[in-house]
Every structure is written in structure tokens, then in C-alpha cells.
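J.: I have a structure I would like to understand better, so I am pasting it below and will then ask my questions one at a time.
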Amino acid sequence: MFKKLGVFLTILLMLLPSIIFAQNVFDPVIEKLKNLGFFDILLFFGFLALIFAILTKSKILGDNVVINGLLSIVLSFGFAFIFPYLTGFNLVTSTTKFVTQAAVILLVFLFGLIAASIFYPDMTKTLTTVFSSPTMIIVMVIFGIVLFVTSGTITVFWAGKEPSIPSPTTDVVILIIALFIFVMMLFIAGVVGGRK
Amino acid sequence: MANPFELVILKLQALGFYGFLLPFILVAAIIYGLLRKSQLFGPPEKNVSINAVVALVASFMVWASPIIAGISIEEHLAKFFVQSMVATLVLMIAILMAGMVLPTDLPKFIGEKFGTKPSYIGVFIVAGIIIGLTLLVTSGLTGVFFPEGIVISEDVLVGVGTIIALLIVVGLIVVFTSREGKK
């Protein structure tokens with residue numbers, strides 16, 4: 001109890017000067033962390049967790065934790081540190097854009113579901129009964145690809161080389177997104193309307 | 001004398017509470033919740049650490065996005081939430097007004113009338129997503145996708161308008177054909 005209180009008071013004491021003078025504490029911290037390469041390390045841990053989870057779940061190399069762990073460490077090290085060093089591609093910036101855009105899209109979907117749930121008390125149950133078709137997975141995969149393009153992460157494929165394809169104009173991107181939303185709605189309508 | 005709430009809000013804004021901390025918490029909660037629900041990496045009780053690491057990495061990226069990617073969502077996020085709250089309020093008032101003429105126990109009535117018809121569920125979900133997308137534009141959150149700003153030509157506006165019109169027509173066709181099929 002006293003230990004927790006002590007930790008809380010220490011944090012409060014550390015934050016006190018910035019609270020009194022109302023300075024943005026996050027700006028300099030992020031800047032410092034960026035210069036220290038903290039986000040590269042963060043990316044390394046992200047890749048590590050993802051690769052390890054995929055290897056463990058798929059059991060491609062069996063159940064051995066050491067083999068899965070070793071392979072995930074090597075691969076994530078390559079992705080997070082060696083690849084940017086060799087190609088000069090800033091993986092942190094594009095991943096940040098990708099994740100932020102994905103978070104905004106998640107928010108929009110969440111709002112859509114919350115608005116629909118006003119009419120349906122048990123929305124989760126309703127959704128699982130209606131959207132049992134694998135078409136939704138295809139729609140979401142296409143969504144991921146669209147985010148991959150809009151965030152600029154797609155340039156990872158020609159990292160280190162001169163871009164041969166000019167980047168699309170805003171008009172074209174908007175048209176592609178609008179077309180995609182249209183197709184997605186069509187899919188949802190088809191999946192739901194096609195059910196007996 | 002200044003309103004105490006105003007003072008606190010301004011102080012918190014100056015500290016970066018809305019621009020950094022709240023998006024961090026929000027994204028961490030959403031991603032961790034979705035990872036637990038989807039069970040993408042297996043049962044949640046066995047993969048707490050993996051789910052937590054993925055959620056934390058994603059939320060740290062969003063936390064740093066104003067500095068690293070130059071995307072600030074502080075103002076837009078506030079607008080989005082206020083506007084979505086108003087939209088939800090409008091829906092709630094509509095249901096309340098419908099409650100004046102409809103029988104008592106409205107949730108049961110709605111469940112009976114719409115619950116078994118997948119076409120209605122689809123219409124409600126599509127309508128919800130369309131409202132969400134409209135809020136995305138009106139709140140300015142589209143700036144996340146186009147940080148340099150959007151300059152839309154008239155041709156594109158006409159194209160997008162046509163797509164929306166097509167969308168409405170297709171939705172209506174689906175609703176009416178499914179209704180005819182039931183008869």
C-alpha cells in the first residue's frame with residue numbers, strides 16, 4: 001500500500017514542474033526517444049511478437065520455443081535494423097502512418113457498429129450470425145492493402161532504388177478509396193442480402 | 001474569473017494530454033480488445049504478453065505520430081467524438097420519439113421486427129458506416145490520410161457523387177429484392 005503510494009508520489013513529483021509551468025512533456029520525450037532509436041527497438045519487439053506468435057500458432061517448425069524464438073529474433077532484427085540500414089528506407093515513419101490510419105479506420109468502424117447496436121441489443125451475436133461468410137475476410141484484406149498504399153508503406157518494395165512509378169495524385173487516391181468503399185458496401189450488401 | 005474546467009482543460013492541452021496520452025490509451029484499448037476478441041494469436045489467456053506487446057507497439061506508434069509522421073489528431077479526434085455523440089443522440093431521440101407510438105418494451109419490439117432479418121442488419125451496419133465515414137470527413141480526420149491537404153477537382157467530386165448514388169441504388173435493390181424473396 002505504502003509502496004504504491006510512494007511510486008505514485010514520485011511520479012507526481014517528477015511531473016510537477018511540467019504541470020506547474022504547463023509545458024508539453026511529450027514533445028521533447030518523443031523527440032529524444034526518436035533520436036535514441038527507441039522506435040526502431042519498438043518495431044523490433046513488435047516484429048518479434050508477431051513472428052513468434054505466427055510461428056507458434058502455425059507450428060511450421062514444431063512446438064520448440066527455442067527454434068521459434070531464435071528465428072523470430074533473427075528475422076525481426078533483420079526487418080527492424082538491417083533492412084533500413086541497407087536500403088535507407090525509414091520503416092518507423094511508414095509504420096507510424098500505417099498504424100495511425102488503421103486506428104482512424106477502426107474508430108469509424110467502431111462508431112458504425114455502435115450506431116447499429118442502438119437497434120440491436122446483442123450486436124456481437126447478431127454480427128456473428130449474419131457475417132459468417134469468409135467474404136468479409138477478403139474485404140478486410142483489400143482494406144489492409146488500401147491502407148498499405150495510402151500510408152506509403154508500399155514504397156518498401158522499391159526501397160533503395162529510384163522509384164520508376166510516379167506517386168499517384170490526390171484525385172486518383174480519392175477515386176480509388178471511393179471505389180473501394182463502393183465495392184466493400186456491395187460485398188456487405190451481397191453477403192447480407194444473399195442469405196436465406 | 002475563468003471557469004475552473006476551462007483552466008484544467010487548457011492546462012491538460014498544454015501538457016499534451018489530448019494530443020498524445022488519450023490517443024495512446026484509446027488505440028491500446030481498441031487493439032488489445034480486438035486482439036482478445038478475434039483470438040488472432042490463440043486463446044487470450046495464453047497470449048496476454050503477445051497481445052499486449054502488439055497493442056503497445058501500435059499505440060506507441062500512434063503516440064509518436066505527431067512528431068514522427070507529422071500527423072496531429074488532437075483537434076480532429078475531439079471533433080470526431082463530439083460529432084459522433086451528436087449523431088448517436090439524434091438516433092436515440094429518433095428511437096425515443098418512435099417509442100411514443102410503438103408498443104412498450106421497445107428493445108423487444110425492435111428485436112422481433114428486425115432481429116431475424118439479415119437484410120435489415122446489413123442496412124443498419126452500412127448506414128452506421130456511412131455516418132462514420134461522413135463524420136471522418138466533417139471532423140477533418142481525413143487529414144490523417146492526406147497530411148498535405150486535399151484539393152479535389154470537379155471531375156472527382158462528380159465521380160464520387162456517382163459512386164454514392166450507385167451505392168444507395170444498390171442498397172435499395174438489395175433491400176427490396178430480399179423483401180420480395182421473402183413473400
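Within each chain, counting starts at residue 1; across the C-alpha cells, chains are named A, B, ... in the order shown, with ligands numbered 1 upward in that order.
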If we count only C-alpha atoms and set the cut-off at 10 Å, which residues sit around segment 102-107 of chain A, ignoring sequence neighbours fewer than 3 positions away in its own chain? Please answer as a ChimeraX atom specification.
T.: /A:96-99,110-113,143-144,147-148,151 /B:23,26-28,30-31,34,58-59,62,73,77,80-81,132-133,136,141-142,144-145
J.: Could those selected residues go to a file with C-alpha atoms, as a PDB file, in the first residue's frame?
T.:
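The result, written out as again_15.pdb:
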ATOM      1  CA  THR A  96       3.570   5.080 -37.804  1.00  0.00           C
ATOM      2  CA  LYS A  97       1.444   6.408 -40.673  1.00  0.00           C
ATOM      3  CA  PHE A  98       0.015   2.945 -41.334  1.00  0.00           C
ATOM      4  CA  VAL A  99      -0.933   2.318 -37.701  1.00  0.00           C
ATOM      5  CA  LEU A 110     -16.484   1.088 -34.212  1.00  0.00           C
ATOM      6  CA  PHE A 111     -18.778   4.080 -34.492  1.00  0.00           C
ATOM      7  CA  GLY A 112     -20.712   2.334 -37.298  1.00  0.00           C
ATOM      8  CA  LEU A 113     -21.215  -0.719 -35.107  1.00  0.00           C
ATOM      9  CA  PHE A 143      -8.887  -2.714 -46.850  1.00  0.00           C
ATOM     10  CA  GLY A 144      -5.442  -3.535 -45.487  1.00  0.00           C
ATOM     11  CA  LEU A 147      -4.075   1.358 -46.129  1.00  0.00           C
ATOM     12  CA  PHE A 148      -0.776  -0.096 -47.282  1.00  0.00           C
ATOM     13  CA  SER A 151       0.310   5.172 -45.772  1.00  0.00           C
TER      14      SER A 151
ATOM     15  CA  PRO B  23      -4.869   8.631 -28.453  1.00  0.00           C
ATOM     16  CA  LEU B  26      -7.568   4.725 -26.942  1.00  0.00           C
ATOM     17  CA  VAL B  27      -5.541   2.812 -29.540  1.00  0.00           C
ATOM     18  CA  ALA B  28      -4.056   0.469 -26.930  1.00  0.00           C
ATOM     19  CA  ILE B  30      -9.077  -0.862 -29.096  1.00  0.00           C
ATOM     20  CA  ILE B  31      -6.265  -3.023 -30.466  1.00  0.00           C
ATOM     21  CA  LEU B  34      -9.850  -6.627 -30.808  1.00  0.00           C
ATOM     22  CA  ALA B  58       0.841   0.097 -32.195  1.00  0.00           C
ATOM     23  CA  SER B  59      -0.221   2.622 -29.561  1.00  0.00           C
ATOM     24  CA  VAL B  62       0.237   6.469 -32.729  1.00  0.00           C
ATOM     25  CA  ILE B  73      -5.126  14.185 -34.498  1.00  0.00           C
ATOM     26  CA  LEU B  77     -10.326  13.457 -32.709  1.00  0.00           C
ATOM     27  CA  PHE B  80     -14.998  13.327 -34.312  1.00  0.00           C
ATOM     28  CA  PHE B  81     -16.122  12.295 -30.829  1.00  0.00           C
ATOM     29  CA  GLY B 132     -18.980   7.140 -39.625  1.00  0.00           C
ATOM     30  CA  LEU B 133     -17.345   7.987 -42.965  1.00  0.00           C
ATOM     31  CA  LEU B 136     -14.497  11.200 -40.810  1.00  0.00           C
ATOM     32  CA  LEU B 141      -9.747  13.227 -39.729  1.00  0.00           C
ATOM     33  CA  THR B 142      -9.166  12.711 -43.468  1.00  0.00           C
ATOM     34  CA  VAL B 144      -4.534  11.647 -41.412  1.00  0.00           C
ATOM     35  CA  PHE B 145      -4.649  10.178 -44.917  1.00  0.00           C
TER      36      PHE B 145
END
J.: When you get a sec, could you note down which chain B residues fall within 6 Å of chain A, using only C-alpha atoms, as a PyMOL selection string?
T.: chain B and resi 11+14-16+41+50+54+57+61-62+65+68-69+118-119+122+124-125+128-129+132+174
J.: Please identify the helix (DSSP H, G or I) residues within segment 5-175 of chain A (assignment by DSSP from backbone atoms) and present them as a ChimeraX atom specification.
T.: /A:5-21,26-36,38-58,65-87,91-117,123-130,135-150,153-158,170-175
J.: Restricting the calculation to only C-alpha atoms: of B:Leu7, B:Ala29, B:Leu172, B:Leu21, which residue gets closest to Val126 of chain B?
T.: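 Closest to Val126 of chain B of all the choices is B:Leu172.
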